[in-house]
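Undergrad: See coords.pdb below, with PDB, C-alpha atoms, pLDDT in the B column.
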```
ATOM      1  CA  MET H  29     -31.347  14.670  -3.679  1.00 56.00           C
ATOM      2  CA  GLU H  30     -33.625  17.639  -4.162  1.00 54.00           C
ATOM      3  CA  ASN H  31     -34.465  19.767  -7.173  1.00 55.00           C
ATOM      4  CA  LYS H  32     -34.249  22.915  -5.057  1.00 56.00           C
ATOM      5  CA  GLN H  33     -34.424  25.569  -7.740  1.00 55.00           C
ATOM      6  CA  GLY H  34     -36.607  23.597 -10.091  1.00 59.00           C
ATOM      7  CA  ASN H  35     -36.111  22.686 -13.713  1.00 77.00           C
ATOM      8  CA  GLU H  36     -32.751  20.968 -13.466  1.00 87.00           C
ATOM      9  CA  TRP H  37     -31.942  18.101 -15.797  1.00 92.00           C
ATOM     10  CA  ALA H  38     -32.510  14.787 -14.086  1.00 91.00           C
ATOM     11  CA  VAL H  39     -31.320  11.291 -14.906  1.00 93.00           C
ATOM     12  CA  LEU H  40     -33.754   8.543 -14.015  1.00 91.00           C
ATOM     13  CA  SER H  41     -33.335   4.809 -14.319  1.00 92.00           C
ATOM     14  CA  ALA H  42     -35.152   3.616 -17.442  1.00 91.00           C
ATOM     15  CA  ASP H  43     -37.939   2.150 -15.323  1.00 88.00           C
ATOM     16  CA  ARG H  44     -38.164   5.491 -13.497  1.00 84.00           C
ATOM     17  CA  THR H  45     -37.751   3.902 -10.075  1.00 83.00           C
ATOM     18  CA  LYS H  46     -34.525   5.767  -9.247  1.00 86.00           C
ATOM     19  CA  LEU H  47     -33.494   9.411  -9.478  1.00 86.00           C
ATOM     20  CA  LEU H  48     -29.794   9.040 -10.244  1.00 92.00           C
ATOM     21  CA  ALA H  49     -28.558  12.623 -10.534  1.00 91.00           C
ATOM     22  CA  LEU H  50     -29.542  16.263 -11.018  1.00 89.00           C
ATOM     23  CA  SER H  51     -27.647  19.001 -12.820  1.00 90.00           C
ATOM     24  CA  HIS H  52     -28.117  22.111 -14.925  1.00 90.00           C
ATOM     25  CA  ASP H  53     -25.442  20.682 -17.270  1.00 93.00           C
ATOM     26  CA  LEU H  54     -26.995  18.066 -19.540  1.00 95.00           C
ATOM     27  CA  ASN H  55     -23.720  17.245 -21.267  1.00 94.00           C
ATOM     28  CA  ALA H  56     -22.017  16.520 -17.951  1.00 95.00           C
ATOM     29  CA  LEU H  57     -24.800  14.106 -17.065  1.00 96.00           C
ATOM     30  CA  ARG H  58     -24.551  12.414 -20.450  1.00 96.00           C
ATOM     31  CA  SER H  59     -20.803  12.026 -20.079  1.00 95.00           C
ATOM     32  CA  LYS H  60     -21.320  10.242 -16.783  1.00 97.00           C
ATOM     33  CA  PHE H  61     -24.452   8.173 -17.465  1.00 97.00           C
ATOM     34  CA  GLY H  62     -24.505   7.625 -21.241  1.00 95.00           C
ATOM     35  CA  SER H  63     -27.646   6.433 -23.021  1.00 94.00           C
ATOM     36  CA  GLU H  64     -28.192   2.884 -21.794  1.00 95.00           C
ATOM     37  CA  GLY H  65     -30.660   2.094 -19.023  1.00 96.00           C
ATOM     38  CA  VAL H  66     -31.455   5.716 -18.267  1.00 97.00           C
ATOM     39  CA  VAL H  67     -33.827   8.455 -19.338  1.00 96.00           C
ATOM     40  CA  TYR H  68     -33.185  12.199 -19.186  1.00 96.00           C
ATOM     41  CA  THR H  69     -35.909  14.517 -18.027  1.00 93.00           C
ATOM     42  CA  LYS H  70     -36.461  17.893 -16.411  1.00 89.00           C
ATOM     43  CA  LEU H  71     -38.275  18.127 -13.118  1.00 81.00           C
ATOM     44  CA  LEU H  72     -40.837  20.885 -13.271  1.00 77.00           C
ATOM     45  CA  SER H  73     -41.728  21.358  -9.655  1.00 68.00           C
ATOM     46  CA  PRO H  74     -39.266  23.161  -7.368  1.00 61.00           C
ATOM     47  CA  GLY H  75     -38.613  21.027  -4.321  1.00 60.00           C
ATOM     48  CA  THR H  76     -39.081  17.727  -6.111  1.00 62.00           C
ATOM     49  CA  PHE H  77     -36.927  15.135  -4.459  1.00 57.00           C
ATOM     50  CA  PHE H  78     -38.396  12.014  -5.931  1.00 61.00           C
ATOM     51  CA  ALA H  79     -39.754  11.105  -9.322  1.00 57.00           C
ATOM     52  CA  PHE H  80     -41.482   7.883 -10.241  1.00 62.00           C
TER      53      PHE H  80
ATOM     54  CA  VAL C 526     -56.059  -2.293 -31.348  1.00 90.00           C
ATOM     55  CA  ASP C 527     -52.970  -3.209 -29.306  1.00 92.00           C
ATOM     56  CA  TRP C 528     -52.690  -0.523 -26.615  1.00 96.00           C
ATOM     57  CA  LYS C 529     -49.378   0.007 -24.835  1.00 96.00           C
ATOM     58  CA  GLU C 530     -49.513   1.610 -21.412  1.00 96.00           C
ATOM     59  CA  TYR C 531     -47.136   4.173 -19.943  1.00 94.00           C
ATOM     60  CA  LYS C 532     -47.273   5.435 -16.375  1.00 91.00           C
ATOM     61  CA  TYR C 533     -47.492   9.185 -15.940  1.00 92.00           C
ATOM     62  CA  LEU C 534     -44.339  10.669 -14.414  1.00 87.00           C
ATOM     63  CA  GLY C 535     -45.007  11.602 -10.806  1.00 84.00           C
ATOM     64  CA  GLU C 536     -43.088  14.327  -8.997  1.00 81.00           C
ATOM     65  CA  TRP C 537     -43.206  14.245  -5.226  1.00 77.00           C
ATOM     66  CA  ASP C 538     -42.127  17.531  -3.690  1.00 73.00           C
ATOM     67  CA  ASN C 539     -40.958  18.507  -0.235  1.00 72.00           C
ATOM     68  CA  ARG C 540     -44.441  19.676   0.769  1.00 77.00           C
ATOM     69  CA  GLY C 541     -45.845  16.202   0.180  1.00 78.00           C
ATOM     70  CA  ALA C 542     -47.644  17.089  -3.026  1.00 81.00           C
ATOM     71  CA  VAL C 543     -47.509  14.723  -5.989  1.00 85.00           C
ATOM     72  CA  THR C 544     -48.047  15.929  -9.532  1.00 86.00           C
ATOM     73  CA  PHE C 545     -48.534  13.459 -12.376  1.00 90.00           C
ATOM     74  CA  ARG C 546     -47.846  14.357 -16.010  1.00 91.00           C
ATOM     75  CA  PRO C 547     -48.111  12.338 -19.264  1.00 95.00           C
ATOM     76  CA  PHE C 548     -44.459  11.898 -20.202  1.00 94.00           C
ATOM     77  CA  ILE C 549     -43.228   9.006 -22.324  1.00 95.00           C
ATOM     78  CA  THR C 550     -39.716   7.973 -23.238  1.00 96.00           C
ATOM     79  CA  ILE C 551     -38.557   8.676 -26.772  1.00 97.00           C
ATOM     80  CA  TYR C 552     -35.144   8.147 -28.350  1.00 98.00           C
ATOM     81  CA  LEU C 553     -34.266  11.482 -29.950  1.00 98.00           C
ATOM     82  CA  ARG C 554     -31.754  11.122 -32.768  1.00 97.00           C
ATOM     83  CA  HIS C 555     -29.550  13.147 -35.043  1.00 96.00           C
ATOM     84  CA  GLY C 556     -26.832  11.443 -37.034  1.00 94.00           C
ATOM     85  CA  ASP C 557     -25.233   8.779 -34.868  1.00 94.00           C
ATOM     86  CA  VAL C 558     -26.387  10.292 -31.577  1.00 95.00           C
ATOM     87  CA  SER C 559     -29.421   8.901 -29.771  1.00 96.00           C
ATOM     88  CA  ILE C 560     -30.609  10.249 -26.414  1.00 98.00           C
ATOM     89  CA  PRO C 561     -33.405   8.713 -24.329  1.00 98.00           C
ATOM     90  CA  ILE C 562     -35.530  11.577 -23.057  1.00 97.00           C
ATOM     91  CA  ASP C 563     -38.927  12.146 -21.557  1.00 95.00           C
ATOM     92  CA  ALA C 564     -41.361  13.775 -23.952  1.00 97.00           C
ATOM     93  CA  LEU C 565     -44.498  15.478 -22.701  1.00 96.00           C
ATOM     94  CA  VAL C 566     -47.466  14.403 -24.802  1.00 97.00           C
ATOM     95  CA  ASP C 567     -49.132  17.720 -25.552  1.00 95.00           C
ATOM     96  CA  SER C 568     -52.304  17.752 -27.612  1.00 93.00           C
ATOM     97  CA  GLY C 569     -52.095  21.554 -27.687  1.00 90.00           C
ATOM     98  CA  SER C 570     -48.777  21.594 -29.528  1.00 90.00           C
ATOM     99  CA  ASP C 571     -48.785  21.591 -33.316  1.00 90.00           C
ATOM    100  CA  GLY C 572     -45.473  19.775 -33.634  1.00 92.00           C
ATOM    101  CA  MET C 573     -42.287  18.831 -31.849  1.00 96.00           C
ATOM    102  CA  VAL C 574     -40.622  21.384 -29.584  1.00 95.00           C
ATOM    103  CA  VAL C 575     -37.247  20.513 -28.031  1.00 96.00           C
ATOM    104  CA  ASN C 576     -35.178  22.102 -25.269  1.00 95.00           C
ATOM    105  CA  ALA C 577     -32.192  23.786 -26.947  1.00 94.00           C
ATOM    106  CA  ASP C 578     -29.743  22.050 -24.551  1.00 95.00           C
ATOM    107  CA  LEU C 579     -30.431  18.938 -26.600  1.00 97.00           C
ATOM    108  CA  ALA C 580     -29.221  20.531 -29.851  1.00 96.00           C
ATOM    109  CA  THR C 581     -25.703  20.648 -28.419  1.00 93.00           C
ATOM    110  CA  ALA C 582     -26.006  17.143 -27.026  1.00 94.00           C
ATOM    111  CA  LEU C 583     -27.119  15.920 -30.465  1.00 95.00           C
ATOM    112  CA  ASN C 584     -24.197  17.689 -32.175  1.00 93.00           C
ATOM    113  CA  ILE C 585     -26.493  19.912 -34.230  1.00 94.00           C
ATOM    114  CA  ASP C 586     -24.105  22.683 -35.219  1.00 88.00           C
ATOM    115  CA  ALA C 587     -25.007  26.196 -36.335  1.00 81.00           C
ATOM    116  CA  SER C 588     -24.966  25.313 -40.038  1.00 85.00           C
ATOM    117  CA  LEU C 589     -27.890  22.932 -39.472  1.00 84.00           C
ATOM    118  CA  ARG C 590     -30.050  25.428 -37.594  1.00 84.00           C
ATOM    119  CA  ARG C 591     -32.701  27.363 -39.510  1.00 86.00           C
ATOM    120  CA  PRO C 592     -34.439  30.430 -38.127  1.00 83.00           C
ATOM    121  CA  GLY C 593     -37.819  29.764 -36.613  1.00 82.00           C
ATOM    122  CA  GLY C 594     -40.070  30.528 -33.734  1.00 77.00           C
ATOM    123  CA  LEU C 595     -43.056  29.366 -31.857  1.00 74.00           C
ATOM    124  CA  SER C 596     -46.351  31.165 -31.489  1.00 72.00           C
ATOM    125  CA  GLY C 597     -48.868  30.157 -28.885  1.00 68.00           C
ATOM    126  CA  SER C 598     -51.441  31.399 -26.492  1.00 62.00           C
ATOM    127  CA  THR C 599     -48.741  33.179 -24.489  1.00 62.00           C
ATOM    128  CA  GLY C 600     -47.080  34.940 -27.418  1.00 68.00           C
ATOM    129  CA  LEU C 601     -44.216  34.447 -29.854  1.00 71.00           C
ATOM    130  CA  LYS C 602     -40.767  33.171 -28.919  1.00 80.00           C
ATOM    131  CA  GLU C 603     -37.720  32.847 -31.157  1.00 86.00           C
ATOM    132  CA  GLY C 604     -35.830  29.613 -31.498  1.00 90.00           C
ATOM    133  CA  PHE C 605     -34.412  27.609 -34.350  1.00 94.00           C
ATOM    134  CA  ILE C 606     -35.473  24.662 -36.477  1.00 95.00           C
ATOM    135  CA  SER C 607     -33.529  21.521 -37.242  1.00 95.00           C
ATOM    136  CA  ASP C 608     -34.286  18.081 -38.602  1.00 96.00           C
ATOM    137  CA  VAL C 609     -34.296  15.185 -36.146  1.00 97.00           C
ATOM    138  CA  SER C 610     -35.860  11.780 -35.830  1.00 97.00           C
ATOM    139  CA  TYR C 611     -37.258   9.875 -32.908  1.00 98.00           C
ATOM    140  CA  GLU C 612     -38.572   6.517 -31.833  1.00 97.00           C
ATOM    141  CA  VAL C 613     -41.249   6.059 -29.198  1.00 97.00           C
ATOM    142  CA  ALA C 614     -40.344   3.446 -26.558  1.00 95.00           C
ATOM    143  CA  GLY C 615     -42.348   0.340 -27.301  1.00 94.00           C
ATOM    144  CA  PHE C 616     -42.565   1.029 -31.027  1.00 96.00           C
ATOM    145  CA  PRO C 617     -39.084   0.080 -32.293  1.00 93.00           C
ATOM    146  CA  ASP C 618     -40.167  -0.378 -35.890  1.00 91.00           C
ATOM    147  CA  GLU C 619     -41.288   3.211 -36.340  1.00 93.00           C
ATOM    148  CA  THR C 620     -38.782   6.007 -36.829  1.00 96.00           C
ATOM    149  CA  ILE C 621     -40.416   9.419 -37.070  1.00 96.00           C
ATOM    150  CA  SER C 622     -38.533  12.111 -38.987  1.00 96.00           C
ATOM    151  CA  THR C 623     -39.536  15.698 -38.410  1.00 96.00           C
ATOM    152  CA  SER C 624     -38.453  19.307 -38.235  1.00 95.00           C
ATOM    153  CA  ALA C 625     -38.331  20.280 -34.580  1.00 96.00           C
ATOM    154  CA  ILE C 626     -38.361  23.749 -33.071  1.00 95.00           C
ATOM    155  CA  PHE C 627     -35.599  24.148 -30.486  1.00 95.00           C
ATOM    156  CA  MET C 628     -36.260  26.641 -27.704  1.00 93.00           C
ATOM    157  CA  GLU C 629     -33.957  27.978 -25.003  1.00 91.00           C
ATOM    158  CA  GLY C 630     -35.383  27.563 -21.523  1.00 88.00           C
ATOM    159  CA  LEU C 631     -38.111  25.106 -22.425  1.00 90.00           C
ATOM    160  CA  PRO C 632     -39.071  23.706 -19.006  1.00 89.00           C
ATOM    161  CA  VAL C 633     -39.371  20.134 -20.315  1.00 92.00           C
ATOM    162  CA  PRO C 634     -36.990  18.131 -22.525  1.00 95.00           C
ATOM    163  CA  CYS C 635     -39.465  17.917 -25.351  1.00 96.00           C
ATOM    164  CA  LEU C 636     -43.093  18.302 -26.402  1.00 96.00           C
ATOM    165  CA  ILE C 637     -44.637  15.971 -28.953  1.00 97.00           C
ATOM    166  CA  GLY C 638     -47.849  17.173 -30.498  1.00 94.00           C
ATOM    167  CA  GLN C 639     -50.362  16.900 -33.272  1.00 94.00           C
ATOM    168  CA  ARG C 640     -48.027  16.694 -36.267  1.00 93.00           C
ATOM    169  CA  ASP C 641     -46.067  13.425 -36.417  1.00 92.00           C
ATOM    170  CA  PHE C 642     -47.206  12.012 -33.059  1.00 96.00           C
ATOM    171  CA  PHE C 643     -50.991  12.356 -32.931  1.00 97.00           C
ATOM    172  CA  ASP C 644     -50.994  11.902 -36.717  1.00 95.00           C
ATOM    173  CA  ARG C 645     -49.523   8.417 -36.254  1.00 96.00           C
ATOM    174  CA  PHE C 646     -50.840   7.111 -32.940  1.00 97.00           C
ATOM    175  CA  LEU C 647     -54.125   6.688 -31.150  1.00 97.00           C
ATOM    176  CA  VAL C 648     -53.657   8.390 -27.781  1.00 97.00           C
ATOM    177  CA  LEU C 649     -55.739   7.897 -24.670  1.00 97.00           C
ATOM    178  CA  PHE C 650     -55.170   9.967 -21.519  1.00 97.00           C
ATOM    179  CA  ASP C 651     -56.352   8.026 -18.459  1.00 96.00           C
ATOM    180  CA  LYS C 652     -55.786  10.721 -15.856  1.00 94.00           C
ATOM    181  CA  HIS C 653     -57.798   8.829 -13.261  1.00 94.00           C
ATOM    182  CA  ASN C 654     -55.261   5.995 -13.244  1.00 95.00           C
ATOM    183  CA  HIS C 655     -52.229   8.104 -14.285  1.00 94.00           C
ATOM    184  CA  LEU C 656     -51.830   6.074 -17.452  1.00 95.00           C
ATOM    185  CA  LEU C 657     -51.153   7.101 -21.021  1.00 96.00           C
ATOM    186  CA  LYS C 658     -52.225   4.529 -23.609  1.00 97.00           C
ATOM    187  CA  ILE C 659     -50.864   4.523 -27.150  1.00 97.00           C
ATOM    188  CA  ALA C 660     -51.642   2.316 -30.114  1.00 97.00           C
ATOM    189  CA  LYS C 661     -51.177   2.223 -33.840  1.00 95.00           C
ATOM    190  CA  PRO C 662     -54.464   2.681 -35.702  1.00 93.00           C
ATOM    191  CA  LYS C 663     -55.568  -0.378 -37.692  1.00 87.00           C
TER     192      LYS C 663
END
```
So that I can check it, write out the structure of this file as structure tokens.

TA:
Amino acid sequence: MENKQGNEWAVLSADRTKLLALSHDLNALRSKFGSEGVVYTKLLSPGTFFAF
Amino acid sequence: VDWKEYKYLGEWDNRGAVTFRPFITIYLRHGDVSIPIDALVDSGSDGMVVNADLATALNIDASLRRPGGLSGSTGLKEGFISDVSYEVAGFPDETISTSAIFMEGLPVPCLIGQRDFFDRFLVLFDKHNHLLKIAKPK
């Protein structure tokens, strides 16, 4: 999974050990992942494929 | 003082470079909606600035949006203001209510700055170890 264009919304596990999904559509991510055990962020660097 | 530690968020890109930034998890709230997001701790920001995508996610409709903008070292940008509250992970007993500036295209979910955050917490940036330390003043 790679943040090719940069600045997509990302869903991480709450302990930030897993990058679960990327999308430009925050509401779509929230519909799928909810608010438990996750944290929503935006990856700043184009090309990021892992966050920790 | 009881310091709580938070790891900087590291981004590892496809060129092998790693960038660490001082993000912490906050629970951003409006009404019954609560969203766990990363907030960039920004000592250069006067107050809270939120990516406008989150206004929709928080169900903040147009009637609750007041005109407002943000001026900084790079100029003035229009946005809107709305009232929200948030809780910093690790400090469940403290709900912070504030007026946030929502901006389209903000490259991070949220900035937390001098008003509300630095007013309430001791903040230590340990860049050498990629740790952010936060405590309540005695």

Undergrad: Report as a short mmCIF file (atom, residue, chain, number, x, y, z; two decimals) with C-alpha atoms, keeping the file's coordinate frame the residues that result from applying the PyMOL selection byres ((chain C) within 6 of (chain H)) to the structure here.

TA:
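So selection05.cif came out as:
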```cif
data_model
loop_
_atom_site.label_atom_id
_atom_site.label_comp_id
_atom_site.auth_asym_id
_atom_site.auth_seq_id
_atom_site.Cartn_x
_atom_site.Cartn_y
_atom_site.Cartn_z
CA LEU C 534 -44.34 10.67 -14.41
CA GLY C 535 -45.01 11.60 -10.81
CA GLU C 536 -43.09 14.33 -9.00
CA TRP C 537 -43.21 14.24 -5.23
CA ASP C 538 -42.13 17.53 -3.69
CA ASN C 539 -40.96 18.51 -0.24
CA ILE C 560 -30.61 10.25 -26.41
CA PRO C 561 -33.40 8.71 -24.33
CA ILE C 562 -35.53 11.58 -23.06
CA ASP C 563 -38.93 12.15 -21.56
CA VAL C 633 -39.37 20.13 -20.32
CA PRO C 634 -36.99 18.13 -22.52
#
```

Undergrad: Fewer than 6 positions away in the same chain doesn't count, so skip those; otherwise give me all residues within 8 Å of C:Asp567, counting all atoms listed in the file, as a PDB file with C-alpha atoms, keeping the file's coordinate frame.

TA:
```
ATOM      1  CA  LEU C 636     -43.093  18.302 -26.402  1.00 96.00           C
ATOM      2  CA  ILE C 637     -44.637  15.971 -28.953  1.00 97.00           C
ATOM      3  CA  GLY C 638     -47.849  17.173 -30.498  1.00 94.00           C
ATOM      4  CA  GLN C 639     -50.362  16.900 -33.272  1.00 94.00           C
TER       5      GLN C 639
END
```

Undergrad: Please provide as a PyMOL selection string all residues within 6 Å of C:Ala564, with the sequence filter that same-chain residues fewer than 4 positions apart are discarded (counting only C-alpha atoms).

TA: chain C and resi 548-549+635-636

Undergrad: What's the separation between atom CA of C:Ser607 and atom CA of C:Leu579, in Å to one decimal place?

TA: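 Value for the atom CA of C:Ser607-atom CA of C:Leu579 distance: 11.4 Å.
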
Undergrad: Separation of atom CA of C:Trp528 and atom CA of C:Val558, in Å?

TA: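 Going from atom CA of C:Trp528 over to atom CA of C:Val558, I get 28.9 Å.
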
Undergrad: Give me, please, the distance in Å between atom CA of C:Phe646 and atom CA of C:Ala660, quoted to one decimal.

TA: 5.6 Å

Undergrad: Under the rule that all atoms listed in the file are counted, which of C:Phe650, C:Phe616, C:Phe627, C:Phe642 is the nearest residue to C:Thr581?

TA: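 Once distances to C:Thr581 are computed over all atoms listed in the file, the minimum belongs to C:Phe627.
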
Undergrad: Since the input lacks atoms, please generate N, CA and C atoms for stretch 43-58 of chain H and provide them as a compact mmCIF listing (two decimals), in the frame of the given file.

TA:
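Saved to rebuild_18.txt:
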```
# COMPACT_ATOMS: atom_id res chain seq x y z
N ASP H 43 -36.61 2.51 -15.84
CA ASP H 43 -37.94 2.15 -15.32
C ASP H 43 -38.49 3.23 -14.39
N ARG H 44 -37.77 4.31 -14.27
CA ARG H 44 -38.16 5.49 -13.50
C ARG H 44 -38.30 5.21 -12.00
N THR H 45 -37.65 4.18 -11.51
CA THR H 45 -37.75 3.90 -10.07
C THR H 45 -36.66 4.60 -9.28
N LYS H 46 -35.63 5.12 -9.96
CA LYS H 46 -34.52 5.77 -9.25
C LYS H 46 -34.19 7.11 -9.89
N LEU H 47 -34.02 8.12 -9.05
CA LEU H 47 -33.49 9.41 -9.48
C LEU H 47 -31.99 9.37 -9.25
N LEU H 48 -31.23 9.32 -10.35
CA LEU H 48 -29.79 9.04 -10.24
C LEU H 48 -28.96 10.29 -10.03
N ALA H 49 -29.36 11.40 -10.66
CA ALA H 49 -28.56 12.62 -10.53
C ALA H 49 -29.35 13.82 -11.04
N LEU H 50 -28.95 15.00 -10.58
CA LEU H 50 -29.54 16.26 -11.02
C LEU H 50 -28.42 17.21 -11.39
N SER H 51 -28.64 18.00 -12.44
CA SER H 51 -27.65 19.00 -12.82
C SER H 51 -28.28 19.97 -13.81
N HIS H 52 -27.72 21.19 -13.85
CA HIS H 52 -28.12 22.11 -14.92
C HIS H 52 -27.33 21.83 -16.20
N ASP H 53 -26.33 20.96 -16.13
CA ASP H 53 -25.44 20.68 -17.27
C ASP H 53 -25.79 19.32 -17.86
N LEU H 54 -26.57 19.32 -18.91
CA LEU H 54 -27.00 18.07 -19.54
C LEU H 54 -25.80 17.28 -20.06
N ASN H 55 -24.85 17.96 -20.67
CA ASN H 55 -23.72 17.24 -21.27
C ASN H 55 -22.87 16.56 -20.20
N ALA H 56 -22.76 17.17 -19.04
CA ALA H 56 -22.02 16.52 -17.95
C ALA H 56 -22.73 15.25 -17.51
N LEU H 57 -24.05 15.31 -17.44
CA LEU H 57 -24.80 14.11 -17.07
C LEU H 57 -24.65 13.02 -18.11
N ARG H 58 -24.67 13.41 -19.38
CA ARG H 58 -24.55 12.41 -20.45
C ARG H 58 -23.16 11.78 -20.44
```
